[in-house]
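Peer 1: To start, I am sharing the structure in question, which I have written as C-alpha cells.
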Amino acid sequence: MQEQSDGELKFIFVYQDHLNKFVNLRALTSKCAEEVADRLLEVFLNYGASCVLQSDNGREFCNVYFSCDLDYELFMGNHATAKVKGLLNIENMIFSWMSDNASKKWSACLRSTQFMKNGSLHAGIKMSPYETVFGSRPRVGLEISSLPDVVLKSLRTEEELQEAVKSADCVNTSEQSVPRTA
C-alpha cells in the first residue's frame with residue numbers, strides 16, 4: 001500500500017495459518033523486522049505460536065529478538081499462486097471498501113476485511129476459518145437469534161428487543177409444557 005499510504009501507515013501485515021486458514025491483518029508503518037516481529041508476536045500471543053514460520057521475505061526476521069522464548073523454525077518460501085490470489089482477494093476487498101466509503105483510509109477497514117475473510121467458506125477446509133478457530137459460525141447482530149425476521153426488522157429500541165425476547169421465551173416455554181398429540 002506504499003502508493004496509497006494512510007498517514008504513516010504504508011504496509012499491511014498478512015499472517016495466515018496454513019492449517020485453519022485464519023487470517024490476521026495489521027497496518028504497518030514500515031516493513032522493518034522489528035515492527036513485523038512485534039505484529040507476529042501479537043498474533044502468536046493471541047492465537048498461539050506456530051512451530052513453523054514460512055516467510056517469503058527472506059531471513060531478515062530470523063534474528064529479530066522476540067520478547068519471549070518461542071521455539072520455531074523459519075522456512076523461506078516463494079509466492080505460490082494460491083498465496084498471490086489470496087493477497088489479491090484481500091487487496092480487492094480493501095479497495096472495494098475504500099470505493100464504497102469514498103475513503104483513502106484503508107487501515108479503517110482492516111478489521112472488517114479480516115472478519116469477512118475469516119467468516120467466508122474456504123473451499124480447501126470446507127468451512128470458514130472462523131469456525132475452525134472458534135468452533136462456531138461468526139455471529140453478526142441478531143441474525144442468530146430465534147426471533148422471526150418480521151419481528152427483528154420491526155425492532156427500533158433495546159426495550160423493544162427485551163420485550164420481544166420475553167415474549168419469545170413465554171411462547172417457547174408454553175410450547176414445551178403443552179403435551180402434543182398426533
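Chain identifiers are assigned as A, B, and so on, following the order in which chains appear in the C-alpha cells; residues are numbered from 1 within each chain, and ligands are numbered from 1 in order of appearance.
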Do a neighbour search on segment 111-120 of chain A at 6 Å with only C-alpha atoms, toss out local chain neighbours closer than 4 positions, and write the hits as a list of chain:residue names.

Peer 2: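 With the cut-off at 6 Å, the set is A:Phe22, A:Ser128, A:Pro129, A:Tyr130.
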
Peer 1: List the spatial neighbours of segment 39-46 of chain A as JSON, numbers by chain - criterion: any atom at most 8 Å away, only C-alpha atoms, same-chain residues fewer than 3 positions off excluded.

Peer 2: {"A": [13, 15, 24, 26, 35, 36, 49, 50, 66]}

Peer 1: Residues near Ala164 of chain A, anyone? I mean within 9 Å using only C-alpha atoms, not counting same-chain ones fewer than 5 positions away, as a VMD selection string.

Peer 2: chain A and resid 147 151 to 152 155 159 169

Peer 1: Kindly indicate which residue among A:Lys153, A:His122, A:Lys166, A:Arg137 lies nearest to Val23 of chain A, using only C-alpha atoms for the distances.

Peer 2: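 Under the stated criterion, the closest residue is A:His122.
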
Peer 1: Check the smallest atom-to-atom distance from each of A:Val133, A:Gly48, A:Lys104, A:Leu87 to Gln4 of chain A using only C-alpha atoms, then report the winner.

Peer 2: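 Ranking A:Val133, A:Gly48, A:Lys104, A:Leu87 by distance to Gln4 of chain A, first place goes to A:Lys104.
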
Peer 1: Glu8 of chain A: which residues within 9 Å, counting only C-alpha atoms, same-chain residues fewer than 4 positions away excluded, as a PDB file with N, CA and C atoms, in the first residue's frame?

Peer 2:
```pdb
ATOM      1  N   LEU A  28       0.960  -1.448   9.121  1.00  0.00           N
ATOM      2  CA  LEU A  28       2.362  -1.219   9.491  1.00  0.00           C
ATOM      3  C   LEU A  28       2.838   0.122   8.943  1.00  0.00           C
ATOM      4  N   THR A  29       3.726   0.763   9.665  1.00  0.00           N
ATOM      5  CA  THR A  29       4.344   1.989   9.150  1.00  0.00           C
ATOM      6  C   THR A  29       5.531   1.654   8.265  1.00  0.00           C
ATOM      7  N   SER A  30       6.155   0.508   8.523  1.00  0.00           N
ATOM      8  CA  SER A  30       7.297   0.072   7.721  1.00  0.00           C
ATOM      9  C   SER A  30       7.313  -1.448   7.716  1.00  0.00           C
TER      10      SER A  30
END
```

Peer 1: Using only C-alpha atoms, which of A:Gly124, A:Phe95, A:Cys32, A:Glu163 sits nearest Ala108 of chain A?

Peer 2: A:Phe95
